[in-house]
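Here's the structure, in structure tokens; my notes come after.
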Amino acid sequence: MRQSTGDALRPALILRPLPPAVPVMSVLLEALNAVSQGVLVAGADCLIRFCNTAFTSMTGYGVADVLGRGCDLLCGPDTDPATVRALSDCMDQGVPFTGDVLNYTRDGQPFWNELSVTPVRGPDGAVSHFISVHRDISARKRAEDALRDAAQHHRFLQDRVLAGVIVRAADSRLRYANATACRLLGLSEDAVLGTYETDPRWRFVREDGSPVPAEDLPGSLALRGRVDVQNVLLGLERDVGSSPIWLMYNAYPVLDGAGRPVEAVISFTDVTDLKKAQQSLEKSEERLRLVLRGSQDAPWDWDLLNSVLYYSPRWWEMIGYQDGELCTDPSLWETLSHPEDREACRAEFHAALKSGQESYEMEFRLRHKDGHYVPILSRGFILRDGTGRPVRVSGTNTNLTERKQAEARIHQLAFYDTLTDLPNRSLVIEHLRRALLSAKRGAAQGALLFIDLDHFKVLNDTLGHDKGDELLRQVATRLRGCVRPSDIVARLGGDEFVVMLENLDATASQAALAARTVGRKVMALFDTPFPLDGDSHRTTASVGIALFGPETDGVDCLMKQADLAMYTAKAGGRNTLRFFDACIQLAMDKRLALEKDLREGLERGQMAIHLQPQVNQAGKVVGAEVLLRWYHPERGPVSPTEFIPLAESTGLILPLGKWVLKEACATLRRWADHPALSRLTLSVNVSARQFLESDFDRQVLDILAASGANPCHLKLELTESLLAHDVADIVEKMGTLRERGVRFSLDDFGTGYSSLGYLQRLPLDELKIDRMFVCDVLSNPNDASIARIILSLAQNLGLSVTAEGVETAGQLDFLRANGCRQYQGFLFGHPVPVAAFEAGIPAPL
Ligand SMILES: Nc1nc2c(ncn2[C@@H]2O[C@@H]3COP(=O)(O)O[C@H]4[C@@H](O)[C@H](n5cnc6c(=O)[nH]c(N)nc65)O[C@@H]4COP(=O)(O)O[C@H]3[C@H]2O)c(=O)[nH]1
């Protein structure tokens with residue numbers, strides 16, 4: 001109820017010049033004050049003559065405020081001037097007016113006034129006054145505004161949701177479509193209401209490409225079945241034949257009060273991108289399936305977070321197992337992998353996980369059920385979470401067996417000679433390159449031997465290529481068999497072979513000797529005829545040798561040198577061996593001649609033994625060392641220091657040594673009958689090569705037996721170099737001989753391989769102090785110390801000691817003072833022929 005201002009009087013009807021009020025008027029007045037609308041009466045001059053109670057309540061004005069005021073009393077700042085004008089025009093023209101006007105109460109509050117002004121005419125037809133009826137419609141206006149706002153908001157939202165929304169009537173006519181729906185359906189907003197959902201311009205298709213009939217559209221289904229339709233995927237070809245956009249539909253029916261469907265609300269979302277992604281995923285999965293089906297790869301998958309491993313049936317098959325035959329746990333591949341690969345693989349795998357890379361590849365071997373190892377290429381793809389942590393690894397294993405075999409075959413074809421299976425020129429060049437590099441780093445000298453069969457062409461032309469090939473194969477086999485496994489034997493082509501020897505010796509002369517030994521072994525291979533298809537064929541080879549070492553100028557140069565040496569050998573009459581280096585060749589020739597002479601010298605009786613006395617501390621001769629002498633008719637006397645090493649390297653030491661032993665034993669036997677000589681011992685030098693003969697002990701016993709010498713007078717002098725060989729064997733042979741009374745002395749003690757361990761193990765009787773220490777005992781404190789140590793060592797081990805090379809009384813005094821009891825040297829006598837030695841021994845008293 002609006003507050004009236006000051007005037008508590010009931011509103012009065014003041015109509016002038018109306019006749020005085022009668023009860024009827026009073027009733028009318030009562031009626032006017034009872035109505036809920038505000039009523040005003042204004043004169044033709046538009047001044048207010050009357051207002052009812054509802055008006056005063058509505059506006060807050062009192063009756064006194066209103067009477068006599070103009071009709072614009074209620075206008076305010078936001079009152080629409082156009083409306084005011086229209087009202088004013090109506091009043092001027094004496095026509096009714098209705099309209100909604102924004103008016104203001106007395107205290108300035110705006111309110112909506114539904115105003116209707118009716119002109120009242122007098123008998124003369126002229127407007128005598130106006131009756132206006134006012135209704136406060138503010139509440140309605142607010143409701144309408146709210147409704148409009150809500151509708152706008154709703155529309156706003158509808159237009160902005162990403163889903164299309166349409167409402168269709170039962171006859172499929174569209175009643176509503178939001179902006180998204182219009183966009184997706186290709187409709188303008190104006191066209192919505194005239195369009196049917198079943199419009200023939202749209203073609204709906206299913207995922208398999210078949211068309212969707214109108215009655216199966218989601219709206220139709222919802223209306224017909226009165227059910228909600230959910231998640232139906234349809235393709236929409238907006239123009240028939242165009243590529244469809246994919247829409248995910250939901251729909252529900254709207255029922256009337258009687259439960260009859262009146263319309264369907266249909267929403268749909270554009271899932272074309274999703275669909276495309278799905279299709280491409282399906283395609284790539286399909287492709288992967290096809291690829292995997294077509295390939296022999298074995299997929300696997302490892303869930304790192306849960307430690308769950310999946311090995312495909314082919315994974316198992318690759319290593320000979322049935323699916324599930326072994327327990328599948330993360331350590332399985334480690335258990336099955338080759339021990340040599342395991343550590344590297346583990347490291348590589350963890351490095352890949354740690355590094356953040358997406359994939360890796362590695363090769364290793366897995367143990368097959370039957371025990372052999374299968375070479376595997378494993379490719380893994382690492383899946384990581386948002387923080388980069390690896391959560392899953394998936395991949396495939398490829399069996400590399402065939403590839404490895406093919407690679408080996410290719411390698412074989414590229415680097416091996418198909419006829420002989422020996423390395424070919426390419427491979428030997430590689431080996432040489434590597435050997436030269438290592439020689440440059442200071443390793444020992446090596447040698448390259450070029451071997452060319454003599455007159456091979458003639459054989460090939462006369463006997464045919466098959467037999468030629470067969471000969472080459474047999475030569476290859478023999479060559480391979482006559483060198484060490486570490487030496488390289490190769491075929492360069494035709495009848496040319498090479499042998500590469502590494503690490504021969506640090507000195508060129510010794511390396512040349514070793515190379516020549518191999519060269520001669522190679523030539524000796526041709527001494528035995530070659531069986532060729534029932535016939536036996538003889539052939540020879542020419543060998544050229546080039547040494548290589550830090551100074552060598554590269555592979556080509558070395559090959560040329562060996563080739564040239566081989567041609568020199570051919571030019572020298574074939575079946576011969578030549579060095580590229582002329583000096584080496586000269587030295588070799590000399591050596592060869594010496595070797596030949598030595599061999600003949602032994603056969604022709606040019607050898608003799610000389611004896612050098614060994615005396616005790618009283619100066620009495622107790623024995624002698626047997627020293628070999630060679631007197632060549634042209635060369636004259638040849639020093640043992642010259643021919644003994646040659647004899648050792650050629651093997652001639654064996655017959656020579658035997659001969660010396662026989663001579664010594666024969667001498668002992670002879671002495672046995674001679675009172676002055678019968679107690680003397682003879683020390684015989686035995687070379688390592690001689691002693692290592694498997695039946696050396698038997699040979700000695702045979703010679704002793706054959707000569708009838710007393711074994712107790714025979715002493716064998718062994719050298720320290722012998723100790724580099726199988727000591728157990730040496731000990732055994734020494735034991736056998738010692739049982740018969742033969743004694744042993746260790747020669748040149750202190751110069752070579754001595755070790756206390758050996759000294760204790762060997763059944764020795766004597767140590768010999770080498771003359772190199774004796775020589776300087778007085779001038780060199782080191783040598784004096786060594787001599788003293790040897791003497792004290794011998795004493796502790798219970799061995800006797802003979803000092804060699806005693807030349808002066810001073811040396812003798814030193815040795816004697818330090819406990820040495822037996823001596824040998826020029827001070828007591830030079831090596832002399834046996835007869836001279838015997839003559840020098842005084843007859844017993
Ligand atoms: N400067 C000097 N030299 C002295 C003195 N006393 C002895 N000699 C020499 O020292 C060598 C001792 O023999 P070796 O150490 O066994 O050294 C021997 C031995 O290793 C070897 N040899 C000699 N005969 C044979 C043999 O029949 N068989 C074997 N396997 N080797 C032998 O030849 C080496 C040299 O023999 P030779 O030339 O006869 O040289 C002998 C001898 O003449 C001395 O006071 N001063």
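Residue names in the structure tokens use chain letters A, B, ... in the order shown, residue numbers from 1 in each chain, and ligand numbers from 1 in the order shown.
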
Produce as a ChimeraX atom specification the set of residues near ligand 1, where near means within 6 Å with only C-alpha atoms and all ligand atoms considered. /A:627-628,639-641,657,660,685-687,805-807,825-826,831

Backbone DSSP call of strand (DSSP E) for region 447-687 of chain A, listed as a count of residues only: 71

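The nearest approach to Cys775 (chain A) among the residues A:Gly810, A:Pro529, A:Gly605, A:Gly481, with only C-alpha atoms taken into account, belongs to A:Gly810.
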
So which one's closest to Met588 (chain A), A:Arg516, A:Arg168, A:Lys275, A:Arg106? Using only C-alpha atoms, please.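 Looking only at the distances to Met588 (chain A), the closest residue turns out to be A:Arg516.
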
Give me the residues within 12 Å of region 325-331 of chain A as number ranges by chain, counting only C-alpha atoms and dropping any in the same chain fewer than 4 places off. A: 300-313, 315-317, 319-321, 335-337, 342, 346, 369, 393

What lies within 6 Å of Val543 (chain A) using only C-alpha atoms, ignoring chain neighbours under 4 positions off, as a short mmCIF file (atom, residue, chain, number, x, y, z; two decimals) with all heavy atoms, in the first residue's frame?
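In the end it all went to out-v7.cif:
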```cif
data_model
loop_
_atom_site.label_atom_id
_atom_site.label_comp_id
_atom_site.auth_asym_id
_atom_site.auth_seq_id
_atom_site.Cartn_x
_atom_site.Cartn_y
_atom_site.Cartn_z
N PHE A 450 105.99 -65.16 -50.02
CA PHE A 450 105.25 -65.36 -51.28
C PHE A 450 105.63 -66.73 -51.80
O PHE A 450 106.82 -67.02 -51.96
CB PHE A 450 105.67 -64.29 -52.30
CG PHE A 450 104.68 -63.19 -52.44
CD1 PHE A 450 104.20 -62.52 -51.35
CD2 PHE A 450 104.21 -62.82 -53.71
CE1 PHE A 450 103.28 -61.49 -51.47
CE2 PHE A 450 103.28 -61.80 -53.84
CZ PHE A 450 102.82 -61.14 -52.73
N ILE A 451 104.63 -67.52 -52.09
CA ILE A 451 104.90 -68.90 -52.53
C ILE A 451 104.26 -69.09 -53.90
O ILE A 451 103.04 -68.87 -54.04
CB ILE A 451 104.30 -69.91 -51.52
CG1 ILE A 451 104.92 -69.65 -50.14
CG2 ILE A 451 104.52 -71.34 -51.98
CD1 ILE A 451 104.00 -69.93 -49.01
N MET A 566 110.33 -63.53 -54.55
CA MET A 566 109.86 -64.78 -55.14
C MET A 566 110.36 -64.92 -56.58
O MET A 566 110.80 -66.00 -57.00
CB MET A 566 108.32 -64.81 -55.07
CG MET A 566 107.71 -66.14 -55.40
SD MET A 566 107.36 -66.21 -57.13
CE MET A 566 106.08 -64.99 -57.28
N LEU A 577 114.49 -70.61 -52.17
CA LEU A 577 113.95 -69.59 -51.27
C LEU A 577 114.87 -68.38 -51.29
O LEU A 577 116.08 -68.53 -51.24
CB LEU A 577 113.90 -70.22 -49.88
CG LEU A 577 113.46 -69.46 -48.66
CD1 LEU A 577 112.94 -70.46 -47.62
CD2 LEU A 577 114.55 -68.65 -48.05
#
```

Using only C-alpha atoms, can you tell me which of A:Asp673, A:Arg392, A:Leu513, A:Ile137 comes closest to Glu648 (chain A)?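 Among A:Asp673, A:Arg392, A:Leu513, A:Ile137, it is A:Leu513 that comes nearest to Glu648 (chain A).
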
Neighbour list for region 398-406 of chain A as a list in words, cut-off 10 Å, only C-alpha atoms, skip fewer than 3 positions in-chain: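 These residues fall inside the cut-off: Ser295, Gln296, Asp297, Ala298, Pro299, Trp315, Met318, Ile319, Glu363, Phe364, Arg365, Leu366, Tyr373, Val374, Pro375, Ile376, Leu377, Ser378, Arg379, Gly395, Arg409, Ile410, His411 and Gln412 of chain A.
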
Could you take the residues named above and write them with N, CA, C and O atoms, as an mmCIF file, in the first residue's frame?
```
data_model
loop_
_atom_site.group_PDB
_atom_site.id
_atom_site.type_symbol
_atom_site.label_atom_id
_atom_site.label_comp_id
_atom_site.auth_asym_id
_atom_site.auth_seq_id
_atom_site.Cartn_x
_atom_site.Cartn_y
_atom_site.Cartn_z
ATOM 1 N N SER A 295 55.743 -60.540 -41.440
ATOM 2 C CA SER A 295 57.144 -60.650 -41.042
ATOM 3 C C SER A 295 57.296 -61.798 -40.045
ATOM 4 O O SER A 295 56.320 -62.358 -39.585
ATOM 5 N N GLN A 296 58.520 -62.074 -39.718
ATOM 6 C CA GLN A 296 58.779 -63.138 -38.760
ATOM 7 C C GLN A 296 59.071 -62.566 -37.379
ATOM 8 O O GLN A 296 59.561 -63.251 -36.508
ATOM 9 N N ASP A 297 58.772 -61.268 -37.204
ATOM 10 C CA ASP A 297 59.101 -60.632 -35.942
ATOM 11 C C ASP A 297 58.202 -61.130 -34.816
ATOM 12 O O ASP A 297 57.056 -61.497 -35.039
ATOM 13 N N ALA A 298 58.748 -61.111 -33.624
ATOM 14 C CA ALA A 298 58.016 -61.622 -32.475
ATOM 15 C C ALA A 298 57.737 -60.477 -31.497
ATOM 16 O O ALA A 298 58.668 -59.955 -30.892
ATOM 17 N N PRO A 299 56.460 -60.068 -31.381
ATOM 18 C CA PRO A 299 56.145 -58.944 -30.488
ATOM 19 C C PRO A 299 56.231 -59.340 -29.006
ATOM 20 O O PRO A 299 56.020 -60.498 -28.662
ATOM 21 N N TRP A 315 57.372 -65.211 -30.115
ATOM 22 C CA TRP A 315 58.571 -64.962 -29.295
ATOM 23 C C TRP A 315 59.105 -66.276 -28.755
ATOM 24 O O TRP A 315 60.285 -66.561 -28.793
ATOM 25 N N MET A 318 60.467 -68.627 -31.472
ATOM 26 C CA MET A 318 61.796 -68.255 -31.970
ATOM 27 C C MET A 318 62.912 -68.964 -31.213
ATOM 28 O O MET A 318 63.979 -69.206 -31.726
ATOM 29 N N ILE A 319 62.631 -69.294 -29.929
ATOM 30 C CA ILE A 319 63.679 -69.955 -29.156
ATOM 31 C C ILE A 319 63.244 -71.377 -28.774
ATOM 32 O O ILE A 319 63.755 -71.961 -27.817
ATOM 33 N N GLU A 363 71.321 -55.830 -30.142
ATOM 34 C CA GLU A 363 71.487 -57.214 -30.595
ATOM 35 C C GLU A 363 72.048 -58.043 -29.459
ATOM 36 O O GLU A 363 72.926 -57.589 -28.732
ATOM 37 N N PHE A 364 71.514 -59.248 -29.325
ATOM 38 C CA PHE A 364 72.073 -60.178 -28.341
ATOM 39 C C PHE A 364 71.677 -61.584 -28.773
ATOM 40 O O PHE A 364 70.994 -61.768 -29.770
ATOM 41 N N ARG A 365 72.126 -62.550 -28.001
ATOM 42 C CA ARG A 365 71.793 -63.930 -28.329
ATOM 43 C C ARG A 365 70.944 -64.542 -27.230
ATOM 44 O O ARG A 365 71.234 -64.313 -26.054
ATOM 45 N N LEU A 366 69.904 -65.283 -27.632
ATOM 46 C CA LEU A 366 69.055 -65.957 -26.650
ATOM 47 C C LEU A 366 69.247 -67.464 -26.805
ATOM 48 O O LEU A 366 69.344 -67.967 -27.929
ATOM 49 N N TYR A 373 72.489 -70.842 -29.475
ATOM 50 C CA TYR A 373 72.067 -69.459 -29.252
ATOM 51 C C TYR A 373 71.524 -68.839 -30.541
ATOM 52 O O TYR A 373 72.111 -69.032 -31.610
ATOM 53 N N VAL A 374 70.405 -68.148 -30.409
ATOM 54 C CA VAL A 374 69.773 -67.511 -31.569
ATOM 55 C C VAL A 374 70.136 -66.026 -31.558
ATOM 56 O O VAL A 374 69.891 -65.342 -30.563
ATOM 57 N N PRO A 375 70.743 -65.526 -32.642
ATOM 58 C CA PRO A 375 71.042 -64.089 -32.669
ATOM 59 C C PRO A 375 69.755 -63.288 -32.861
ATOM 60 O O PRO A 375 68.950 -63.607 -33.731
ATOM 61 N N ILE A 376 69.560 -62.285 -32.024
ATOM 62 C CA ILE A 376 68.286 -61.543 -31.987
ATOM 63 C C ILE A 376 68.558 -60.053 -32.165
ATOM 64 O O ILE A 376 69.503 -59.530 -31.580
ATOM 65 N N LEU A 377 67.680 -59.416 -32.946
ATOM 66 C CA LEU A 377 67.667 -57.950 -32.951
ATOM 67 C C LEU A 377 66.404 -57.541 -32.201
ATOM 68 O O LEU A 377 65.304 -57.911 -32.611
ATOM 69 N N SER A 378 66.550 -56.843 -31.111
ATOM 70 C CA SER A 378 65.395 -56.440 -30.322
ATOM 71 C C SER A 378 65.192 -54.939 -30.482
ATOM 72 O O SER A 378 66.110 -54.156 -30.256
ATOM 73 N N ARG A 379 63.957 -54.573 -30.918
ATOM 74 C CA ARG A 379 63.618 -53.149 -31.044
ATOM 75 C C ARG A 379 62.559 -52.845 -30.006
ATOM 76 O O ARG A 379 61.553 -53.544 -29.939
ATOM 77 N N GLY A 395 57.810 -53.941 -28.068
ATOM 78 C CA GLY A 395 58.722 -54.069 -29.204
ATOM 79 C C GLY A 395 58.633 -55.411 -29.881
ATOM 80 O O GLY A 395 57.675 -56.176 -29.671
ATOM 81 N N ARG A 409 78.173 -65.389 -45.190
ATOM 82 C CA ARG A 409 78.391 -65.874 -46.560
ATOM 83 C C ARG A 409 79.004 -64.743 -47.407
ATOM 84 O O ARG A 409 79.961 -64.955 -48.155
ATOM 85 N N ILE A 410 78.438 -63.544 -47.229
ATOM 86 C CA ILE A 410 78.956 -62.398 -47.986
ATOM 87 C C ILE A 410 80.409 -62.141 -47.593
ATOM 88 O O ILE A 410 81.278 -61.929 -48.434
ATOM 89 N N HIS A 411 80.642 -62.219 -46.269
ATOM 90 C CA HIS A 411 82.013 -62.017 -45.797
ATOM 91 C C HIS A 411 82.926 -63.080 -46.380
ATOM 92 O O HIS A 411 84.039 -62.804 -46.822
ATOM 93 N N GLN A 412 82.422 -64.323 -46.374
ATOM 94 C CA GLN A 412 83.220 -65.433 -46.916
ATOM 95 C C GLN A 412 83.550 -65.172 -48.382
ATOM 96 O O GLN A 412 84.690 -65.329 -48.815
#
```

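Neighbours of region 492-496 of chain A closer than or equal to 7 Å, with only C-alpha atoms counted and sequence neighbours fewer than 3 positions away skipped, come out as Asn424, Arg425, Ile451, Asp452, Leu453, Phe456 and Leu472 of chain A.
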
Nearest to Gly819 (chain A) among A:Arg629, A:Ile703, A:Gln617, A:Asp783, with distances taken over only C-alpha atoms: which residue is it?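 Using only C-alpha atoms, Gly819 (chain A) sits closest to A:Gln617.
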
Check the smallest atom-to-atom distance from each of A:Val262, A:Leu656, A:Leu791, A:Cys51 to Ala169 (chain A) using only C-alpha atoms, then report the winner.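 Comparing A:Val262, A:Leu656, A:Leu791, A:Cys51 against Ala169 (chain A), the winner is A:Val262.
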
Using the chain letters and numbers from this document, which residues of region 346-592 of chain A does DSSP assign to helix (DSSP H, G or I), as an MDAnalysis selection string? chainID A and resid 346:355 401:415 425:440 456:463 465:482 508:527 555:571 582:592

Could you tell me which of A:Val95, A:Ala728, A:Leu115, A:Val742 comes closest to Asp697 (chain A) if we count only C-alpha atoms? A:Val742

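The coordinates place CA of Glu693 (chain A) at 23.8 Å from CA of Lys768 (chain A).
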
Between CA of Ala444 (chain A) and CA of Phe526 (chain A) - distance in Å to one decimal: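 Going from CA of Phe526 (chain A) over to CA of Ala444 (chain A) covers 29.4 Å.
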